[in-house]
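Scroll down for the structure; my scribbles are underneath it.
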Amino acid sequence: MKNGVLLINLGSPDSTKVEDVRKYLREFLMDPMVLDTPYLVRKFVVEFAILPKRPAASAEAYESIWWDEGSPLIVLSKRLKNKVSAKVEIPVALGMRYQNPSIQAALQELHDQGVTNVLVIPLYPQYTMSSTETVVLRTNEIQQKYFKNMNLTFLNSFYNRPDYIEVLAENIKSQLPEKFDKLLFSYHGIPERHDNKAKAKAKKYPNANIKTYRDQCFETTELVRQAMGLEKDQVQVSFQSRLGKDPWIKPYTDFVLKDFPQEGVKNLAVVAPAFVSDCLETLEEIAIGYKELYLESGGENYTYIPCLNESEAWVDVLVKWIEGWNKNEA
Ligand SMILES: C=CC1=C(C)c2cc3[nH]c(cc4nc(cc5[nH]c(cc1n2)c(C)c5CCC(=O)O)C(CCC(=O)O)=C4C)c(C)c3C=C
Ligand SMILES: [Fe+2]
Ligand SMILES: [Fe+2]
């Protein structure tokens, strides 16, 4: 048995061309773990309600944050993978849930190096069906189809691991302005229905320690707050990026931001701990869009605090988790 590691992130379009964005959105939104309606309803909604217009708008948004080397999410994930790889003795590969580099290509890379035992790390701190669960399902599907001799172990979530909390708290502290009225933790939202499914599961299996995504987000925030030594009224949680007409988990980031100045919050810092790498949702939505909204609503100072990305302390935490697993498996 030879051990190896597969890091998985969400993925981006191959380029900012509208056709590439359409292809990406089609793969993403046709995933039943993301749009959880019956197939024909999903197909209809995606093809006729979303794909005619959204790709052009999304392409423009991607255009505003794209780097010379490519999508920030992909570039930052590759840099993270390279840094982790340089510090561990076993092979490390990187795959994306949607588009490229694919999970299949990443497993092939490990396979070609003789790896049979893989620790899969989905780069999502909080577990939910549209983040970690879909990665687990897809990676297992590919393993079953093409890599039958491989054994997979998943690191399912790390939203409350002390070393992750510590590194997140330090990352925020080092970039927090001296004067701030509120530190907003803006997490990627999900439809309420998704959290209700987790609630039903938790009720059915009371000993399985199942927590809703929303509860995990609140727990991350509370642990970081304590680690930073902040008062309860210095932090707030909200959820961003909603899509469609269904209710999503609340409170909504845009509503909270609009109300803050009237409530006396004039100096705001925002962090996005649903993401470990900066991406469209942070660089465009939070750092550009929400900043505009806040300032237009009467806010005075707005600071976006970048994700953990490729920071040495975060690399070291991943290395520690990998080494711990590798030792146990030896
Ligand atoms: C039903 C729709 C969506 C759910 C549920 C959802 C959950 C979810 N997403 C992330 C992480 C990311 N999402 C990103 C972009 C993005 N998300 C959706 C929709 C849902 N996400 C769309 C349609 C898009 C594409 C962009 C757009 O057109 O608005 C990204 C950024 C990708 C990038 O290339 O930078 C990330 C990252 C999580 C963690 C999550 C559940 C918790
Ligand atoms: Fe998303
Ligand atoms: Fe968005």
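Lettering and numbering for the structure tokens are positional, with chains as A, B, ... in the shown order, residues counted from 1 in each chain, and ligands counted from 1 in the shown order.
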As a PyMOL selection string, list the residues of region 194-304 of chain A assigned to helix (DSSP H, G or I) by DSSP on the backbone atoms of this structure. chain A and resi 194-204+213-228+232-234+253-263+280-296
Can I get the residues of region 203-237 of chain A within 12 Å of region 274-282 of chain A, each with the closest pair of atoms and their distance in Å to one decimal, using only C-alpha atoms, sorted chain first then ascending number, as a tab-separated table?
residue	atom	partner	partner_atom	distance
A:Tyr213	CA	A:Ala274	CA	10.1
A:Arg214	CA	A:Ala274	CA	10.8
A:Gln216	CA	A:Ala274	CA	10.1
A:Cys217	CA	A:Ala274	CA	7.8
A:Phe218	CA	A:Ala274	CA	11.2
A:Thr220	CA	A:Ala274	CA	9.6
A:Thr221	CA	A:Ala274	CA	10.7
A:Val237	CA	A:Ala274	CA	11.5
Could you list the protein, DNA and RNA residues that have any atom within 8 Å of ligand 3, counting only C-alpha atoms and all ligand atoms, and write them as a list in words? Gln240, Ser241, Arg242, Leu280, Glu281, Glu284 and Glu285 of chain A
Could you give me, as a PDB file with all heavy atoms, in the first residue's frame, the residues within 8 Å of Ala272 (chain A), counting only C-alpha atoms and dropping anything in the same chain fewer than 6 positions from it?
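As written to disk, selection28.pdb reads:
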ATOM      1  N   PHE A 185     -18.891  37.697   9.702  1.00  0.00           N
ATOM      2  CA  PHE A 185     -18.531  36.398   9.133  1.00  0.00           C
ATOM      3  C   PHE A 185     -19.585  36.078   8.074  1.00  0.00           C
ATOM      4  O   PHE A 185     -20.695  35.676   8.400  1.00  0.00           O
ATOM      5  CB  PHE A 185     -18.537  35.313  10.220  1.00  0.00           C
ATOM      6  CG  PHE A 185     -17.394  35.403  11.198  1.00  0.00           C
ATOM      7  CD1 PHE A 185     -17.301  36.464  12.096  1.00  0.00           C
ATOM      8  CD2 PHE A 185     -16.415  34.418  11.220  1.00  0.00           C
ATOM      9  CE1 PHE A 185     -16.244  36.535  13.002  1.00  0.00           C
ATOM     10  CE2 PHE A 185     -15.352  34.480  12.126  1.00  0.00           C
ATOM     11  CZ  PHE A 185     -15.272  35.540  13.016  1.00  0.00           C
ATOM     12  N   SER A 186     -19.240  36.293   6.805  1.00  0.00           N
ATOM     13  CA  SER A 186     -20.201  36.050   5.725  1.00  0.00           C
ATOM     14  C   SER A 186     -19.908  34.696   5.069  1.00  0.00           C
ATOM     15  O   SER A 186     -18.899  34.534   4.383  1.00  0.00           O
ATOM     16  CB  SER A 186     -20.114  37.176   4.691  1.00  0.00           C
ATOM     17  OG  SER A 186     -21.021  36.924   3.649  1.00  0.00           O
ATOM     18  N   TYR A 187     -20.783  33.727   5.308  1.00  0.00           N
ATOM     19  CA  TYR A 187     -20.603  32.366   4.763  1.00  0.00           C
ATOM     20  C   TYR A 187     -21.414  32.216   3.478  1.00  0.00           C
ATOM     21  O   TYR A 187     -22.449  32.884   3.309  1.00  0.00           O
ATOM     22  CB  TYR A 187     -21.103  31.325   5.776  1.00  0.00           C
ATOM     23  CG  TYR A 187     -20.277  31.267   7.041  1.00  0.00           C
ATOM     24  CD1 TYR A 187     -20.542  32.127   8.107  1.00  0.00           C
ATOM     25  CD2 TYR A 187     -19.231  30.363   7.168  1.00  0.00           C
ATOM     26  CE1 TYR A 187     -19.791  32.079   9.270  1.00  0.00           C
ATOM     27  CE2 TYR A 187     -18.471  30.301   8.329  1.00  0.00           C
ATOM     28  CZ  TYR A 187     -18.753  31.166   9.374  1.00  0.00           C
ATOM     29  OH  TYR A 187     -18.001  31.117  10.517  1.00  0.00           O
ATOM     30  N   HIS A 188     -20.991  31.300   2.604  1.00  0.00           N
ATOM     31  CA  HIS A 188     -21.807  30.990   1.421  1.00  0.00           C
ATOM     32  C   HIS A 188     -23.139  30.433   1.916  1.00  0.00           C
ATOM     33  O   HIS A 188     -23.172  29.551   2.774  1.00  0.00           O
ATOM     34  CB  HIS A 188     -21.094  29.949   0.564  1.00  0.00           C
ATOM     35  CG  HIS A 188     -21.611  29.863  -0.848  1.00  0.00           C
ATOM     36  ND1 HIS A 188     -22.921  29.605  -1.141  1.00  0.00           N
ATOM     37  CD2 HIS A 188     -20.989  30.007  -2.035  1.00  0.00           C
ATOM     38  CE1 HIS A 188     -23.075  29.583  -2.458  1.00  0.00           C
ATOM     39  NE2 HIS A 188     -21.900  29.833  -3.028  1.00  0.00           N
ATOM     40  N   THR A 282     -15.705  35.835  -3.053  1.00  0.00           N
ATOM     41  CA  THR A 282     -15.067  36.759  -2.109  1.00  0.00           C
ATOM     42  C   THR A 282     -14.539  37.995  -2.845  1.00  0.00           C
ATOM     43  O   THR A 282     -14.796  39.123  -2.446  1.00  0.00           O
ATOM     44  CB  THR A 282     -13.903  36.079  -1.349  1.00  0.00           C
ATOM     45  OG1 THR A 282     -12.891  35.684  -2.280  1.00  0.00           O
ATOM     46  CG2 THR A 282     -14.384  34.875  -0.571  1.00  0.00           C
ATOM     47  N   ILE A 305     -11.174  40.807   4.584  1.00  0.00           N
ATOM     48  CA  ILE A 305     -10.019  40.034   5.055  1.00  0.00           C
ATOM     49  C   ILE A 305      -9.897  38.749   4.230  1.00  0.00           C
ATOM     50  O   ILE A 305     -10.784  37.900   4.276  1.00  0.00           O
ATOM     51  CB  ILE A 305     -10.190  39.705   6.558  1.00  0.00           C
ATOM     52  CG1 ILE A 305     -10.206  41.030   7.341  1.00  0.00           C
ATOM     53  CG2 ILE A 305      -9.093  38.771   7.052  1.00  0.00           C
ATOM     54  CD1 ILE A 305     -10.570  40.888   8.791  1.00  0.00           C
ATOM     55  N   PRO A 306      -8.826  38.616   3.450  1.00  0.00           N
ATOM     56  CA  PRO A 306      -8.675  37.461   2.555  1.00  0.00           C
ATOM     57  C   PRO A 306      -8.673  36.108   3.278  1.00  0.00           C
ATOM     58  O   PRO A 306      -8.434  36.023   4.486  1.00  0.00           O
ATOM     59  CB  PRO A 306      -7.324  37.716   1.876  1.00  0.00           C
ATOM     60  CG  PRO A 306      -7.102  39.177   1.987  1.00  0.00           C
ATOM     61  CD  PRO A 306      -7.731  39.585   3.297  1.00  0.00           C
ATOM     62  N   CYS A 307      -8.929  35.077   2.506  1.00  0.00           N
ATOM     63  CA  CYS A 307      -8.990  33.694   3.025  1.00  0.00           C
ATOM     64  C   CYS A 307      -7.589  33.194   3.414  1.00  0.00           C
ATOM     65  O   CYS A 307      -6.593  33.872   3.200  1.00  0.00           O
ATOM     66  CB  CYS A 307      -9.555  32.777   1.952  1.00  0.00           C
ATOM     67  SG  CYS A 307     -11.253  33.171   1.496  1.00  0.00           S
TER      68      CYS A 307
END
Could you list, as a ChimeraX atom specification, every residue within 12 Å of region 17-33 of chain A, counting only C-alpha atoms and ignoring same-chain residues fewer than 4 positions away? /A:10-13,37-63,66,71,96-100,128-138,190-191,193-194,197,243-244
Pairwise distance, CA of Val319 (chain A) with CA of Gln144 (chain A), equals 27.5 Å
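Nearest to ligand 2 of all the residues A:Ile288, A:Ile210, A:Val34, A:Ala330 is A:Val34, counting only C-alpha atoms and all ligand atoms.
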Would you list, as a JSON list (two decimals) with N, CA and C atoms, in the first residue's frame, the residues of region 105-316 of chain A that end up in strand (DSSP E) under DSSP run on this structure's backbone?
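Output file out14.json follows:
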[["chain", "number", "residue", "atom", "x", "y", "z"],
["A", 117, "ASN", "N", -3.69, 4.14, -1.58],
["A", 117, "ASN", "CA", -4.42, 4.54, -0.37],
["A", 117, "ASN", "C", -4.45, 6.07, -0.30],
["A", 118, "VAL", "N", -5.65, 6.65, -0.44],
["A", 118, "VAL", "CA", -5.72, 8.11, -0.62],
["A", 118, "VAL", "C", -6.49, 8.79, 0.51],
["A", 119, "LEU", "N", -5.87, 9.83, 1.07],
["A", 119, "LEU", "CA", -6.60, 10.71, 1.98],
["A", 119, "LEU", "C", -7.17, 11.85, 1.13],
["A", 120, "VAL", "N", -8.50, 11.94, 1.07],
["A", 120, "VAL", "CA", -9.15, 12.98, 0.28],
["A", 120, "VAL", "C", -9.55, 14.13, 1.21],
["A", 121, "ILE", "N", -9.08, 15.32, 0.89],
["A", 121, "ILE", "CA", -9.42, 16.49, 1.72],
["A", 121, "ILE", "C", -10.23, 17.48, 0.88],
["A", 122, "PRO", "N", -11.57, 17.46, 1.03],
["A", 122, "PRO", "CA", -12.36, 18.50, 0.38],
["A", 122, "PRO", "C", -12.07, 19.82, 1.10],
["A", 151, "ASN", "N", -8.06, 2.81, -2.31],
["A", 151, "ASN", "CA", -8.86, 2.93, -1.10],
["A", 151, "ASN", "C", -8.92, 4.42, -0.72],
["A", 152, "LEU", "N", -10.14, 4.93, -0.48],
["A", 152, "LEU", "CA", -10.28, 6.36, -0.17],
["A", 152, "LEU", "C", -10.70, 6.59, 1.27],
["A", 153, "THR", "N", -10.07, 7.57, 1.92],
["A", 153, "THR", "CA", -10.50, 8.02, 3.25],
["A", 153, "THR", "C", -10.79, 9.51, 3.14],
["A", 154, "PHE", "N", -11.91, 9.96, 3.68],
["A", 154, "PHE", "CA", -12.28, 11.38, 3.54],
["A", 154, "PHE", "C", -12.13, 12.14, 4.85],
["A", 182, "LYS", "N", -17.58, 46.21, 13.82],
["A", 182, "LYS", "CA", -18.13, 44.85, 13.72],
["A", 182, "LYS", "C", -17.25, 44.02, 12.80],
["A", 183, "LEU", "N", -17.09, 42.74, 13.17],
["A", 183, "LEU", "CA", -16.44, 41.78, 12.28],
["A", 183, "LEU", "C", -17.54, 40.85, 11.78],
["A", 184, "LEU", "N", -17.82, 40.93, 10.47],
["A", 184, "LEU", "CA", -18.89, 40.12, 9.89],
["A", 184, "LEU", "C", -18.33, 38.83, 9.29],
["A", 185, "PHE", "N", -18.89, 37.70, 9.70],
["A", 185, "PHE", "CA", -18.53, 36.40, 9.13],
["A", 185, "PHE", "C", -19.58, 36.08, 8.07],
["A", 186, "SER", "N", -19.24, 36.29, 6.81],
["A", 186, "SER", "CA", -20.20, 36.05, 5.73],
["A", 186, "SER", "C", -19.91, 34.70, 5.07],
["A", 187, "TYR", "N", -20.78, 33.73, 5.31],
["A", 187, "TYR", "CA", -20.60, 32.37, 4.76],
["A", 187, "TYR", "C", -21.41, 32.22, 3.48],
["A", 188, "HIS", "N", -20.99, 31.30, 2.60],
["A", 188, "HIS", "CA", -21.81, 30.99, 1.42],
["A", 188, "HIS", "C", -23.14, 30.43, 1.92],
["A", 235, "VAL", "N", -19.07, 40.57, 16.81],
["A", 235, "VAL", "CA", -19.13, 39.71, 15.62],
["A", 235, "VAL", "C", -20.58, 39.47, 15.20],
["A", 236, "GLN", "N", -20.77, 39.15, 13.92],
["A", 236, "GLN", "CA", -22.09, 38.78, 13.41],
["A", 236, "GLN", "C", -21.92, 37.77, 12.28],
["A", 237, "VAL", "N", -22.90, 36.88, 12.16],
["A", 237, "VAL", "CA", -22.89, 35.87, 11.09],
["A", 237, "VAL", "C", -23.92, 36.26, 10.04],
["A", 238, "SER", "N", -23.60, 36.02, 8.75],
["A", 238, "SER", "CA", -24.60, 36.18, 7.70],
["A", 238, "SER", "C", -24.27, 35.23, 6.54],
["A", 239, "PHE", "N", -25.21, 35.11, 5.60],
["A", 239, "PHE", "CA", -25.06, 34.15, 4.50],
["A", 239, "PHE", "C", -25.28, 34.85, 3.16],
["A", 240, "GLN", "N", -24.37, 34.60, 2.23],
["A", 240, "GLN", "CA", -24.36, 35.33, 0.95],
["A", 240, "GLN", "C", -24.70, 34.43, -0.24],
["A", 267, "ASN", "N", -17.73, 51.20, 10.67],
["A", 267, "ASN", "CA", -16.43, 50.62, 10.28],
["A", 267, "ASN", "C", -16.55, 49.11, 10.33],
["A", 268, "LEU", "N", -16.50, 48.51, 9.15],
["A", 268, "LEU", "CA", -16.81, 47.09, 9.06],
["A", 268, "LEU", "C", -15.65, 46.28, 8.49],
["A", 269, "ALA", "N", -15.42, 45.10, 9.09],
["A", 269, "ALA", "CA", -14.47, 44.15, 8.52],
["A", 269, "ALA", "C", -15.25, 42.88, 8.19],
["A", 270, "VAL", "N", -14.94, 42.27, 7.05],
["A", 270, "VAL", "CA", -15.68, 41.09, 6.60],
["A", 270, "VAL", "C", -14.72, 39.95, 6.32],
["A", 271, "VAL", "N", -15.08, 38.77, 6.80],
["A", 271, "VAL", "CA", -14.28, 37.57, 6.54],
["A", 271, "VAL", "C", -15.22, 36.48, 6.01],
["A", 301, "ASN", "N", -16.01, 52.83, 6.53],
["A", 301, "ASN", "CA", -14.80, 52.06, 6.20],
["A", 301, "ASN", "C", -15.14, 50.58, 6.09],
["A", 302, "TYR", "N", -14.64, 49.96, 5.03],
["A", 302, "TYR", "CA", -14.97, 48.56, 4.75],
["A", 302, "TYR", "C", -13.66, 47.82, 4.45],
["A", 303, "THR", "N", -13.40, 46.77, 5.19],
["A", 303, "THR", "CA", -12.17, 45.98, 4.96],
["A", 303, "THR", "C", -12.55, 44.53, 4.70],
["A", 304, "TYR", "N", -12.12, 43.99, 3.57],
["A", 304, "TYR", "CA", -12.30, 42.56, 3.34],
["A", 304, "TYR", "C", -11.02, 41.83, 3.77],
["A", 305, "ILE", "N", -11.17, 40.81, 4.58],
["A", 305, "ILE", "CA", -10.02, 40.03, 5.05],
["A", 305, "ILE", "C", -9.90, 38.75, 4.23]]
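Going from atom 20 (C, counted along the ligand's line) of ligand 1 to CA of Lys250 (chain A) covers 15.3 Å.
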May I have the residues within 12 Å of Leu318 (chain A) as an NGL selection string, using only C-alpha atoms and disregarding those fewer than 6 positions away in the same chain? :A and (5-7 or 80-81 or 83-85 or 87-88 or 92 or 119-123 or 155 or 158 or 161 or 163-164 or 167 or 276 or 308-312 or 324-325)
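The interatomic distance for the pair CA of Pro261 (chain A) and CA of Gln234 (chain A) works out to 14.5 Å.
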Selection near Ile165 (chain A), 7 Å with only C-alpha atoms, sequence-local residues under 5 positions removed, as a PyMOL selection string: chain A and resi 160+223-224
Residue selection dump (C-alpha atoms) as a PDB file, in the first residue's frame:
ATOM      1  CA  ASN A 160     -14.257  23.130  14.665  1.00  0.00           C
ATOM      2  CA  LEU A 223     -14.755  29.452  18.314  1.00  0.00           C
ATOM      3  CA  VAL A 224     -12.893  32.121  16.332  1.00  0.00           C
TER       4      VAL A 224
END
